[in-house]
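Structure file protein-v3.txt (compact mmCIF, C-alpha atoms) follows.
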```
# COMPACT_ATOMS: atom_id res chain seq x y z
CA MET A 1 23.72 161.57 25.06
CA GLU A 2 25.76 160.52 22.03
CA PHE A 3 25.93 156.78 21.41
CA THR A 4 29.10 155.24 20.04
CA THR A 5 27.37 153.95 16.91
CA GLU A 6 26.76 157.60 15.96
CA LYS A 7 30.24 158.89 16.70
CA SER A 8 32.40 160.11 13.84
CA SER A 9 34.44 157.53 11.96
CA TYR A 10 38.12 157.12 12.80
CA TYR A 11 38.76 157.68 9.09
CA ASN A 12 38.20 160.80 7.00
CA ASN A 13 38.26 161.93 3.39
CA LEU A 14 36.92 158.54 2.32
CA GLU A 15 36.16 159.80 -1.18
CA LYS A 16 39.89 160.47 -1.68
CA MET A 17 41.04 157.01 -0.58
CA PRO A 18 42.23 154.42 -3.12
CA VAL A 19 39.92 151.39 -3.23
CA ALA A 20 42.57 149.17 -1.67
CA GLU A 21 42.85 151.50 1.31
CA ILE A 22 39.07 151.69 1.75
CA LEU A 23 38.86 147.90 1.83
CA GLU A 24 41.83 147.58 4.16
CA HIS A 25 40.30 149.95 6.70
CA MET A 26 36.85 148.35 6.46
CA ASN A 27 38.39 144.94 7.01
CA ALA A 28 40.35 146.20 10.01
CA GLU A 29 37.16 147.52 11.58
CA ASP A 30 35.27 144.29 10.80
CA GLN A 31 37.90 142.29 12.69
CA THR A 32 36.93 144.06 15.90
CA VAL A 33 33.35 142.74 15.77
CA PRO A 34 33.89 139.14 16.99
CA LEU A 35 35.92 140.51 19.90
CA ALA A 36 33.01 142.76 20.86
CA VAL A 37 30.63 139.81 20.62
CA ALA A 38 32.94 137.75 22.85
CA LYS A 39 32.55 140.31 25.64
CA ALA A 40 28.78 139.83 25.49
CA LEU A 41 28.83 136.01 25.71
CA PRO A 42 27.54 135.91 29.33
CA GLN A 43 24.54 138.02 28.27
CA ILE A 44 23.95 135.85 25.20
CA GLU A 45 24.09 132.71 27.36
CA LYS A 46 21.33 134.03 29.63
CA LEU A 47 19.13 134.87 26.64
CA VAL A 48 19.69 131.47 25.00
CA THR A 49 18.97 129.66 28.26
CA ILE A 50 15.63 131.36 28.92
CA THR A 51 14.62 131.10 25.25
CA ALA A 52 15.26 127.36 25.19
CA GLU A 53 13.37 126.92 28.47
CA LYS A 54 10.33 128.79 27.16
CA MET A 55 10.36 126.98 23.82
CA LYS A 56 10.59 123.58 25.52
CA GLN A 57 7.34 124.52 27.21
CA GLY A 58 5.67 125.31 23.89
CA GLY A 59 6.64 128.95 23.51
CA ARG A 60 7.86 130.73 20.41
CA LEU A 61 10.68 133.18 19.66
CA PHE A 62 9.77 136.56 18.18
CA TYR A 63 12.13 139.17 16.71
CA ILE A 64 11.11 142.79 16.15
CA GLY A 65 13.20 145.48 14.53
CA ALA A 66 13.33 148.23 11.93
CA GLY A 67 15.50 148.69 8.85
CA THR A 68 18.65 146.57 8.79
CA SER A 69 17.94 145.21 12.28
CA GLY A 70 14.46 144.11 11.28
CA ARG A 71 15.72 142.50 8.08
CA LEU A 72 18.34 140.53 10.01
CA GLY A 73 15.66 139.22 12.33
CA VAL A 74 13.46 138.18 9.42
CA VAL A 75 16.40 136.40 7.77
CA ASP A 76 17.31 134.47 10.92
CA ALA A 77 13.70 133.45 11.54
CA SER A 78 13.17 132.37 7.92
CA GLU A 79 16.26 130.15 8.01
CA CYS A 80 15.15 128.12 11.04
CA PRO A 81 12.58 125.88 9.28
CA PRO A 82 14.90 124.72 6.46
CA THR A 83 17.91 124.37 8.77
CA PHE A 84 16.26 122.67 11.72
CA GLY A 85 13.02 121.28 10.27
CA VAL A 86 10.87 123.27 12.70
CA PRO A 87 7.42 124.74 11.95
CA ALA A 88 7.43 128.20 10.39
CA ASP A 89 5.78 129.73 13.45
CA TRP A 90 8.41 128.62 15.98
CA VAL A 91 10.64 131.62 15.20
CA VAL A 92 8.93 134.72 13.83
CA GLY A 93 10.65 137.82 12.44
CA ILE A 94 8.64 141.06 12.28
CA ILE A 95 9.92 144.24 10.64
CA ALA A 96 8.53 147.74 11.11
CA GLY A 97 6.49 148.64 8.06
CA GLY A 98 5.59 145.06 7.22
CA ASP A 99 7.11 142.71 4.68
CA VAL A 100 7.38 145.46 2.06
CA ALA A 101 10.05 147.01 4.30
CA ILE A 102 12.29 143.99 3.74
CA ARG A 103 13.08 145.37 0.28
CA LYS A 104 12.16 149.03 0.52
CA SER A 105 12.44 151.58 3.31
CA VAL A 106 9.05 152.52 4.77
CA GLU A 107 9.00 156.15 5.91
CA ASN A 108 8.55 156.72 9.66
CA ALA A 109 7.69 153.05 10.31
CA GLU A 110 10.26 152.77 13.09
CA ASP A 111 9.00 155.89 14.85
CA ASP A 112 5.62 154.47 15.95
CA PRO A 113 5.89 153.02 19.48
CA GLN A 114 2.41 151.43 19.30
CA GLN A 115 2.72 149.51 16.04
CA ALA A 116 5.00 146.67 17.19
CA TRP A 117 2.43 145.45 19.71
CA GLN A 118 -0.29 145.52 17.04
CA ASP A 119 1.98 143.49 14.77
CA LEU A 120 2.65 140.99 17.55
CA LEU A 121 -1.04 140.61 18.41
CA ALA A 122 -1.60 139.31 14.87
CA TYR A 123 0.43 136.27 15.96
CA ASN A 124 -1.41 135.87 19.27
CA ILE A 125 1.77 136.42 21.27
CA SER A 126 1.43 135.29 24.88
CA ASP A 127 3.37 134.90 28.11
CA LYS A 128 4.64 131.53 26.89
CA ASP A 129 6.73 133.31 24.24
CA VAL A 130 10.00 135.26 24.11
CA LEU A 131 10.34 138.64 22.40
CA VAL A 132 13.76 139.92 21.28
CA GLY A 133 14.06 143.51 20.12
CA ILE A 134 16.84 144.22 17.64
CA ALA A 135 18.12 147.79 17.34
CA ALA A 136 21.68 148.83 16.61
CA SER A 137 21.24 152.26 18.20
CA GLY A 138 19.04 150.95 21.01
CA THR A 139 16.72 153.92 20.54
CA THR A 140 14.12 152.70 18.01
CA PRO A 141 10.60 153.66 19.24
CA TYR A 142 9.00 150.70 17.43
CA VAL A 143 11.18 148.30 19.42
CA ILE A 144 10.92 150.17 22.71
CA GLY A 145 7.13 150.21 22.53
CA GLY A 146 6.96 146.52 21.66
CA LEU A 147 9.16 145.55 24.59
CA GLN A 148 7.21 147.76 27.00
CA MET A 149 3.90 146.17 26.03
CA ALA A 150 5.39 142.69 26.18
CA THR A 151 6.61 143.32 29.72
CA ALA A 152 3.17 144.62 30.67
CA HIS A 153 1.74 141.29 29.48
CA ASN A 154 4.33 139.21 31.39
CA ILE A 155 6.19 138.17 28.23
CA THR A 156 9.91 137.39 28.53
CA THR A 157 11.98 140.03 26.73
CA GLY A 158 15.50 140.31 25.36
CA CYS A 159 17.32 142.59 22.98
CA ILE A 160 20.37 142.92 20.75
CA VAL A 161 21.84 146.42 20.70
CA CYS A 162 25.21 147.97 19.90
CA ASN A 163 25.36 150.82 22.41
CA SER A 164 25.62 150.68 26.19
CA GLY A 165 22.93 152.16 28.41
CA SER A 166 20.31 152.37 25.66
CA PRO A 167 16.53 152.78 26.12
CA VAL A 168 15.93 149.42 24.37
CA ALA A 169 18.25 147.58 26.77
CA ALA A 170 16.51 149.25 29.70
CA GLU A 171 13.22 147.68 28.60
CA ALA A 172 14.61 144.14 28.12
CA LYS A 173 14.94 141.62 30.93
CA TYR A 174 17.75 139.83 29.07
CA PRO A 175 19.69 142.52 27.18
CA VAL A 176 22.60 141.72 24.89
CA GLU A 177 24.86 144.73 24.35
CA VAL A 178 27.62 144.36 21.76
CA ILE A 179 29.55 147.62 21.72
CA THR A 180 30.91 147.92 18.18
CA GLY A 181 31.98 151.58 18.27
CA PRO A 182 32.04 154.10 15.44
CA GLU A 183 31.41 152.81 11.93
CA PHE A 184 33.89 153.19 9.07
CA LEU A 185 31.17 155.25 7.37
CA THR A 186 29.84 157.42 10.18
CA GLY A 187 26.48 156.18 11.46
CA SER A 188 26.12 153.38 8.89
CA THR A 189 25.10 150.67 11.35
CA ARG A 190 24.42 148.17 8.58
CA MET A 191 28.19 147.63 8.74
CA LYS A 192 29.86 146.61 12.04
CA ALA A 193 26.69 146.79 14.11
CA GLY A 194 24.78 144.76 11.54
CA THR A 195 27.55 142.16 11.46
CA ALA A 196 27.48 141.92 15.25
CA GLN A 197 23.70 141.48 15.26
CA LYS A 198 23.94 138.72 12.65
CA LEU A 199 26.54 136.88 14.74
CA VAL A 200 24.40 137.10 17.87
CA LEU A 201 21.28 135.98 16.02
CA ASN A 202 23.23 132.98 14.67
CA MET A 203 24.23 132.12 18.22
CA LEU A 204 20.76 132.60 19.68
CA SER A 205 18.83 130.53 17.17
CA THR A 206 21.45 127.81 16.67
CA ALA A 207 22.24 127.31 20.36
CA THR A 208 18.52 127.28 21.17
CA MET A 209 17.80 124.68 18.51
CA ILE A 210 20.64 122.52 19.81
CA GLN A 211 19.06 122.73 23.27
CA LEU A 212 15.74 121.70 21.72
CA GLY A 213 17.30 118.54 20.28
CA ARG A 214 17.21 119.65 16.64
CA VAL A 215 20.89 118.74 16.11
CA LYS A 216 22.62 115.38 16.52
CA GLY A 217 26.39 115.27 16.89
CA ASN A 218 27.21 118.22 14.69
CA LYS A 219 24.64 117.52 11.97
CA MET A 220 21.41 119.19 10.86
CA VAL A 221 19.48 115.93 11.02
CA ASP A 222 16.08 117.61 10.69
CA MET A 223 16.91 119.94 7.79
CA GLN A 224 14.40 120.26 4.97
CA LEU A 225 15.49 118.37 1.83
CA SER A 226 14.42 121.18 -0.45
CA ASN A 227 17.05 121.02 -3.20
CA ILE A 228 19.62 118.75 -4.83
CA LYS A 229 22.47 120.04 -2.67
CA LEU A 230 20.60 119.31 0.56
CA VAL A 231 19.50 115.85 -0.59
CA ALA A 232 23.14 115.06 -1.39
CA ARG A 233 24.23 116.36 2.01
CA GLY A 234 21.54 114.32 3.71
CA THR A 235 22.58 111.21 1.80
CA ARG A 236 26.18 111.59 2.97
CA MET A 237 25.00 112.07 6.53
CA VAL A 238 22.94 108.88 6.42
CA MET A 239 25.83 106.94 4.86
CA THR A 240 28.20 108.11 7.59
CA GLU A 241 25.77 107.53 10.45
CA ILE A 242 24.68 103.97 9.65
CA GLY A 243 27.39 102.75 7.27
CA VAL A 244 25.30 102.00 4.18
CA ASP A 245 26.00 102.59 0.50
CA GLU A 246 24.84 105.68 -1.37
CA GLN A 247 21.84 104.06 -3.03
CA THR A 248 20.55 102.63 0.23
CA ALA A 249 21.01 105.98 1.95
CA THR A 250 19.21 107.80 -0.87
CA ASP A 251 16.30 105.38 -0.79
CA LEU A 252 15.96 105.66 2.97
CA LEU A 253 16.08 109.45 2.80
CA LYS A 254 13.39 109.63 0.12
CA GLN A 255 11.24 107.16 2.01
CA GLU A 256 11.48 108.80 5.44
CA GLY A 257 11.91 112.45 4.50
CA SER A 258 14.70 113.42 6.90
CA VAL A 259 18.10 112.23 8.05
CA ARG A 260 16.85 111.65 11.59
CA LYS A 261 13.88 109.55 10.47
CA ALA A 262 15.97 107.60 7.94
CA VAL A 263 18.53 106.64 10.60
CA GLU A 264 15.85 105.77 13.16
CA PHE A 265 13.95 103.63 10.64
CA TYR A 266 17.11 101.77 9.66
CA ASN A 267 18.14 101.13 13.26
CA LEU A 268 14.68 99.84 14.14
CA ASN A 269 14.52 97.50 11.16
CA LYS A 270 18.11 96.39 10.52
CA ASN A 271 17.60 93.07 12.31
```

Would you give me this structure, written as structure tokens?
Amino acid sequence: MEFTTEKSSYYNNLEKMPVAEILEHMNAEDQTVPLAVAKALPQIEKLVTITAEKMKQGGRLFYIGAGTSGRLGVVDASECPPTFGVPADWVVGIIAGGDVAIRKSVENAEDDPQQAWQDLLAYNISDKDVLVGIAASGTTPYVIGGLQMATAHNITTGCIVCNSGSPVAAEAKYPVEVITGPEFLTGSTRMKAGTAQKLVLNMLSTATMIQLGRVKGNKMVDMQLSNIKLVARGTRMVMTEIGVDEQTATDLLKQEGSVRKAVEFYNLNKN
């Protein structure tokens, strides 16, 4: 069975194309990705809903993947604490081959169907948690094995794949299938498929955190104030929310450590 992510590109003789034409065709293909994601919104909604439910009960969200898919999971997980002020172990990204594989390809790491479960056991994964396998092709043994073992241990499973009818989707209770089609560069799933996975991961983590109360209005009120830019953003948010001057907002933010706490402190003590 040939999956669409492996089918030959619609374009040929790429090495003979002018740069402008290469970019034009790549951009045209990229514009199809959000449309493919839109078709998967009902699937994404189901995955977000169950993830939020499990996390409200004290569960965690785990991502597993290999290569580009694994890196995307690690990136999304690592951005949750600074964006939403959550503990580092609420969302965990695991890549085949370990952290060294984030920067350098680890030979055959994705081909071991037993290793993902061993990696997950290091985090004491349990049936309170949610496991999402990320695999553009939907055929990665590392991901398949991890999902199979999770199911055997009554752990809720989901996936993000870019082919229909894949082995990974067959192992996930809440599959998300975004069918992105052939890549501009044949088989290079770091392109359209990777973009689709990033969009879905953004949706999954952000929508889940909204459901968990980590957003107020449209603001990241629990974000970590880890640099000058974020302190300035937080100051503006406090000024807007409670109508104080910049210095007062800055002082409150430094005192309380987050926008949410600064606003709550002010509202409790303004009288």

Do you know which residues are at most 9 Å from Gly145 of chain A counting all atoms listed in the file, after dropping those on the same chain fewer than 3 positions away, and could you put them as a short mmCIF file (atom, residue, chain, number, x, y, z; two decimals) with C-alpha atoms, in the coordinates of the input?
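Output below, filename around.cif:
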```cif
data_model
loop_
_atom_site.label_atom_id
_atom_site.label_comp_id
_atom_site.auth_asym_id
_atom_site.auth_seq_id
_atom_site.Cartn_x
_atom_site.Cartn_y
_atom_site.Cartn_z
CA ASP A 112 5.62 154.47 15.95
CA PRO A 113 5.89 153.02 19.48
CA GLN A 114 2.41 151.43 19.30
CA GLN A 115 2.72 149.51 16.04
CA ALA A 116 5.00 146.67 17.19
CA TRP A 117 2.43 145.45 19.71
CA THR A 140 14.12 152.70 18.01
CA PRO A 141 10.60 153.66 19.24
CA TYR A 142 9.00 150.70 17.43
CA GLN A 148 7.21 147.76 27.00
CA MET A 149 3.90 146.17 26.03
CA ALA A 150 5.39 142.69 26.18
CA GLU A 171 13.22 147.68 28.60
#
```

- request: Quick one: pull the distance between atom CA of Gly133 of chain A and atom CA of Met223 of chain A, Å, one decimal.
  value: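 Atom-to-atom, atom CA of Gly133 of chain A and atom CA of Met223 of chain A are spaced 26.8 Å apart.
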
statement: note - atom CA of Ala249 of chain A and atom CA of Thr206 of chain A are separated by 26.3 Å

- prompt: In Å to one decimal, how far is atom CA of Ala170 of chain A from atom CA of Leu185 of chain A?
  reply: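 Atom CA of Ala170 of chain A lies 27.4 Å from atom CA of Leu185 of chain A.
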
task: Find the spatial neighbours of Gly213 of chain A, counting all atoms listed in the file, within a cut-off of 12 Å - ignore same-chain residues fewer than 5 positions away - and output them as a PyMOL selection string.
output: chain A and resi 52+55-56+84-86+206-208+218-222+260

- request: Choose the residue, out of A:Gln197, A:Thr180, A:Asn13, A:Asn154, that has the smallest atom-to-atom separation from Tyr63 of chain A; count only C-alpha atoms.
  value: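 Looking only at the distances to Tyr63 of chain A, the closest residue turns out to be A:Gln197.
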
Proximity of segment 152-202 of chain A to segment 121-129 of chain A: per-residue shortest pair, 10 Å limit, all atoms listed in the file, as a Markdown table:
```
| residue | atom | partner | partner_atom | distance |
| --- | --- | --- | --- | --- |
| A:His153 | CA | A:Asp127 | CA | 6.7 |
| A:Asn154 | CA | A:Asp127 | CA | 5.5 |
| A:Ile155 | CA | A:Asp127 | CA | 4.3 |
| A:Thr156 | CA | A:Asp129 | CA | 6.7 |
| A:Thr157 | CA | A:Asp129 | CA | 8.9 |
```

field: Long-range neighbours of Ile22 of chain A as a VMD selection string, 12 Å cut-off, only C-alpha atoms, 4 positions minimum in chain
entry: chain A and resid 11 to 18 26 to 29 184 to 185

query: What lies within 7 Å of Val178 of chain A using only C-alpha atoms, ignoring chain neighbours under 3 positions off, as a PyMOL selection string?
result: chain A and resi 36-37+40+161-163+196

message: List as a PyMOL selection string the protein and nucleic acid residues near Leu61 of chain A, meaning an atom at most 8 Å away when all atoms listed in the file are counted, but skip any in the same chain fewer than 4 places from it.
response: chain A and resi 51+55+90-92+129-132

Could I get the residues of segment 143-238 of chain A with an atom no further than 12 Å from an atom of segment 1-10 of chain A, each paired with its nearest atom pair and that distance in Å to one decimal, using only C-alpha atoms, sorted by chain and residue number, as CSV?
```
residue,atom,partner,partner_atom,distance
A:Val161,CA,A:Thr5,CA,10.1
A:Cys162,CA,A:Thr5,CA,7.0
A:Asn163,CA,A:Phe3,CA,6.1
A:Ser164,CA,A:Phe3,CA,7.8
A:Gly165,CA,A:Phe3,CA,8.9
A:Ser166,CA,A:Phe3,CA,8.3
A:Pro167,CA,A:Phe3,CA,11.2
A:Val178,CA,A:Thr5,CA,10.7
A:Ile179,CA,A:Thr4,CA,7.8
A:Thr180,CA,A:Thr5,CA,7.1
A:Gly181,CA,A:Thr4,CA,5.0
A:Pro182,CA,A:Thr5,CA,4.9
A:Glu183,CA,A:Ser9,CA,5.6
A:Phe184,CA,A:Ser9,CA,5.2
A:Leu185,CA,A:Ser9,CA,6.1
A:Thr186,CA,A:Ser9,CA,4.9
A:Gly187,CA,A:Glu6,CA,4.7
A:Ser188,CA,A:Thr5,CA,8.1
A:Thr189,CA,A:Thr5,CA,6.8
A:Arg190,CA,A:Thr5,CA,10.6
A:Met191,CA,A:Thr5,CA,10.4
A:Lys192,CA,A:Thr5,CA,9.2
A:Ala193,CA,A:Thr5,CA,7.7
A:Gly194,CA,A:Thr5,CA,11.0
```

field: Expected answer as a ChimeraX atom specification: all residues with atoms within 12 Å of (8.7, 144.4, 11.8), only C-alpha atoms
entry: /A:62-75,92-102,105-106,109-113,115-120,122,132-135,140,142-143,146

Save the residues we just selected, C-alpha atoms, as a short mmCIF file (atom, residue, chain, number, x, y, z; two decimals), keeping the file's coordinate frame?
```
data_model
loop_
_atom_site.label_atom_id
_atom_site.label_comp_id
_atom_site.auth_asym_id
_atom_site.auth_seq_id
_atom_site.Cartn_x
_atom_site.Cartn_y
_atom_site.Cartn_z
CA PHE A 62 9.77 136.56 18.18
CA TYR A 63 12.13 139.17 16.71
CA ILE A 64 11.11 142.79 16.15
CA GLY A 65 13.20 145.48 14.53
CA ALA A 66 13.33 148.23 11.93
CA GLY A 67 15.50 148.69 8.85
CA THR A 68 18.65 146.57 8.79
CA SER A 69 17.94 145.21 12.28
CA GLY A 70 14.46 144.11 11.28
CA ARG A 71 15.72 142.50 8.08
CA LEU A 72 18.34 140.53 10.01
CA GLY A 73 15.66 139.22 12.33
CA VAL A 74 13.46 138.18 9.42
CA VAL A 75 16.40 136.40 7.77
CA VAL A 92 8.93 134.72 13.83
CA GLY A 93 10.65 137.82 12.44
CA ILE A 94 8.64 141.06 12.28
CA ILE A 95 9.92 144.24 10.64
CA ALA A 96 8.53 147.74 11.11
CA GLY A 97 6.49 148.64 8.06
CA GLY A 98 5.59 145.06 7.22
CA ASP A 99 7.11 142.71 4.68
CA VAL A 100 7.38 145.46 2.06
CA ALA A 101 10.05 147.01 4.30
CA ILE A 102 12.29 143.99 3.74
CA SER A 105 12.44 151.58 3.31
CA VAL A 106 9.05 152.52 4.77
CA ALA A 109 7.69 153.05 10.31
CA GLU A 110 10.26 152.77 13.09
CA ASP A 111 9.00 155.89 14.85
CA ASP A 112 5.62 154.47 15.95
CA PRO A 113 5.89 153.02 19.48
CA GLN A 115 2.72 149.51 16.04
CA ALA A 116 5.00 146.67 17.19
CA TRP A 117 2.43 145.45 19.71
CA GLN A 118 -0.29 145.52 17.04
CA ASP A 119 1.98 143.49 14.77
CA LEU A 120 2.65 140.99 17.55
CA ALA A 122 -1.60 139.31 14.87
CA VAL A 132 13.76 139.92 21.28
CA GLY A 133 14.06 143.51 20.12
CA ILE A 134 16.84 144.22 17.64
CA ALA A 135 18.12 147.79 17.34
CA THR A 140 14.12 152.70 18.01
CA TYR A 142 9.00 150.70 17.43
CA VAL A 143 11.18 148.30 19.42
CA GLY A 146 6.96 146.52 21.66
#
```

message: When you count all atoms listed in the file, which of these residues is closest to Cys80 of chain A: A:Leu268, A:Leu253, A:Leu204, A:Val263?
response: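 The shortest atom-to-atom distance to Cys80 of chain A comes from A:Leu204.
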
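Among the candidates A:Ser78, A:Asn269, A:Thr250, A:Thr195, the one nearest to Ala136 of chain A when counting all atoms listed in the file is A:Thr195.
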
- prompt: From the set A:Thr248, A:Ile160, A:Val259, A:Val168, which residue has the shortest atom-to-atom contact distance to Leu147 of chain A, counting all atoms listed in the file?
  reply: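 Between A:Thr248, A:Ile160, A:Val259, A:Val168, the residue approaching Leu147 of chain A most closely is A:Val168.
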
Could you model N, CA and C atoms for segment 5-28 of chain A and present them as a compact mmCIF listing (two decimals), keeping the file's coordinate frame?
```txt
# COMPACT_ATOMS: atom_id res chain seq x y z
N THR A 5 27.66 154.28 18.31
CA THR A 5 27.37 153.95 16.91
C THR A 5 27.20 155.20 16.05
N GLU A 6 26.96 156.35 16.70
CA GLU A 6 26.76 157.60 15.96
C GLU A 6 28.00 158.48 15.95
N LYS A 7 29.03 158.06 16.66
CA LYS A 7 30.24 158.89 16.70
C LYS A 7 30.94 158.90 15.34
N SER A 8 31.71 159.94 15.12
CA SER A 8 32.40 160.11 13.84
C SER A 8 33.40 158.99 13.59
N SER A 9 33.50 158.57 12.37
CA SER A 9 34.44 157.53 11.96
C SER A 9 35.87 157.91 12.32
N TYR A 10 36.68 156.89 12.56
CA TYR A 10 38.12 157.12 12.80
C TYR A 10 38.84 157.52 11.52
N TYR A 11 38.15 157.43 10.41
CA TYR A 11 38.76 157.68 9.09
C TYR A 11 38.05 158.87 8.45
N ASN A 12 38.79 159.62 7.65
CA ASN A 12 38.20 160.80 7.00
C ASN A 12 38.62 160.86 5.54
N ASN A 13 37.97 161.76 4.81
CA ASN A 13 38.26 161.93 3.39
C ASN A 13 38.14 160.61 2.64
N LEU A 14 37.07 159.86 2.92
CA LEU A 14 36.92 158.54 2.32
C LEU A 14 36.89 158.60 0.80
N GLU A 15 36.29 159.68 0.28
CA GLU A 15 36.16 159.80 -1.18
C GLU A 15 37.52 159.97 -1.87
N LYS A 16 38.55 160.29 -1.11
CA LYS A 16 39.89 160.47 -1.68
C LYS A 16 40.76 159.22 -1.53
N MET A 17 40.26 158.23 -0.81
CA MET A 17 41.04 157.01 -0.58
C MET A 17 41.05 156.12 -1.81
N PRO A 18 42.19 155.48 -2.11
CA PRO A 18 42.23 154.42 -3.12
C PRO A 18 41.34 153.26 -2.65
N VAL A 19 40.80 152.51 -3.58
CA VAL A 19 39.92 151.39 -3.23
C VAL A 19 40.60 150.43 -2.27
N ALA A 20 41.85 150.12 -2.53
CA ALA A 20 42.57 149.17 -1.67
C ALA A 20 42.61 149.66 -0.23
N GLU A 21 42.79 150.95 -0.04
CA GLU A 21 42.85 151.50 1.31
C GLU A 21 41.48 151.47 1.98
N ILE A 22 40.44 151.78 1.22
CA ILE A 22 39.07 151.69 1.75
C ILE A 22 38.81 150.29 2.27
N LEU A 23 39.12 149.30 1.46
CA LEU A 23 38.86 147.90 1.83
C LEU A 23 39.70 147.47 3.02
N GLU A 24 40.94 147.93 3.06
CA GLU A 24 41.83 147.58 4.16
C GLU A 24 41.28 148.11 5.48
N HIS A 25 40.82 149.35 5.48
CA HIS A 25 40.30 149.95 6.70
C HIS A 25 38.97 149.31 7.12
N MET A 26 38.12 149.02 6.14
CA MET A 26 36.85 148.35 6.46
C MET A 26 37.11 146.98 7.07
N ASN A 27 38.05 146.27 6.50
CA ASN A 27 38.39 144.94 7.01
C ASN A 27 38.96 145.02 8.42
N ALA A 28 39.78 146.03 8.67
CA ALA A 28 40.35 146.20 10.01
C ALA A 28 39.26 146.46 11.04
```
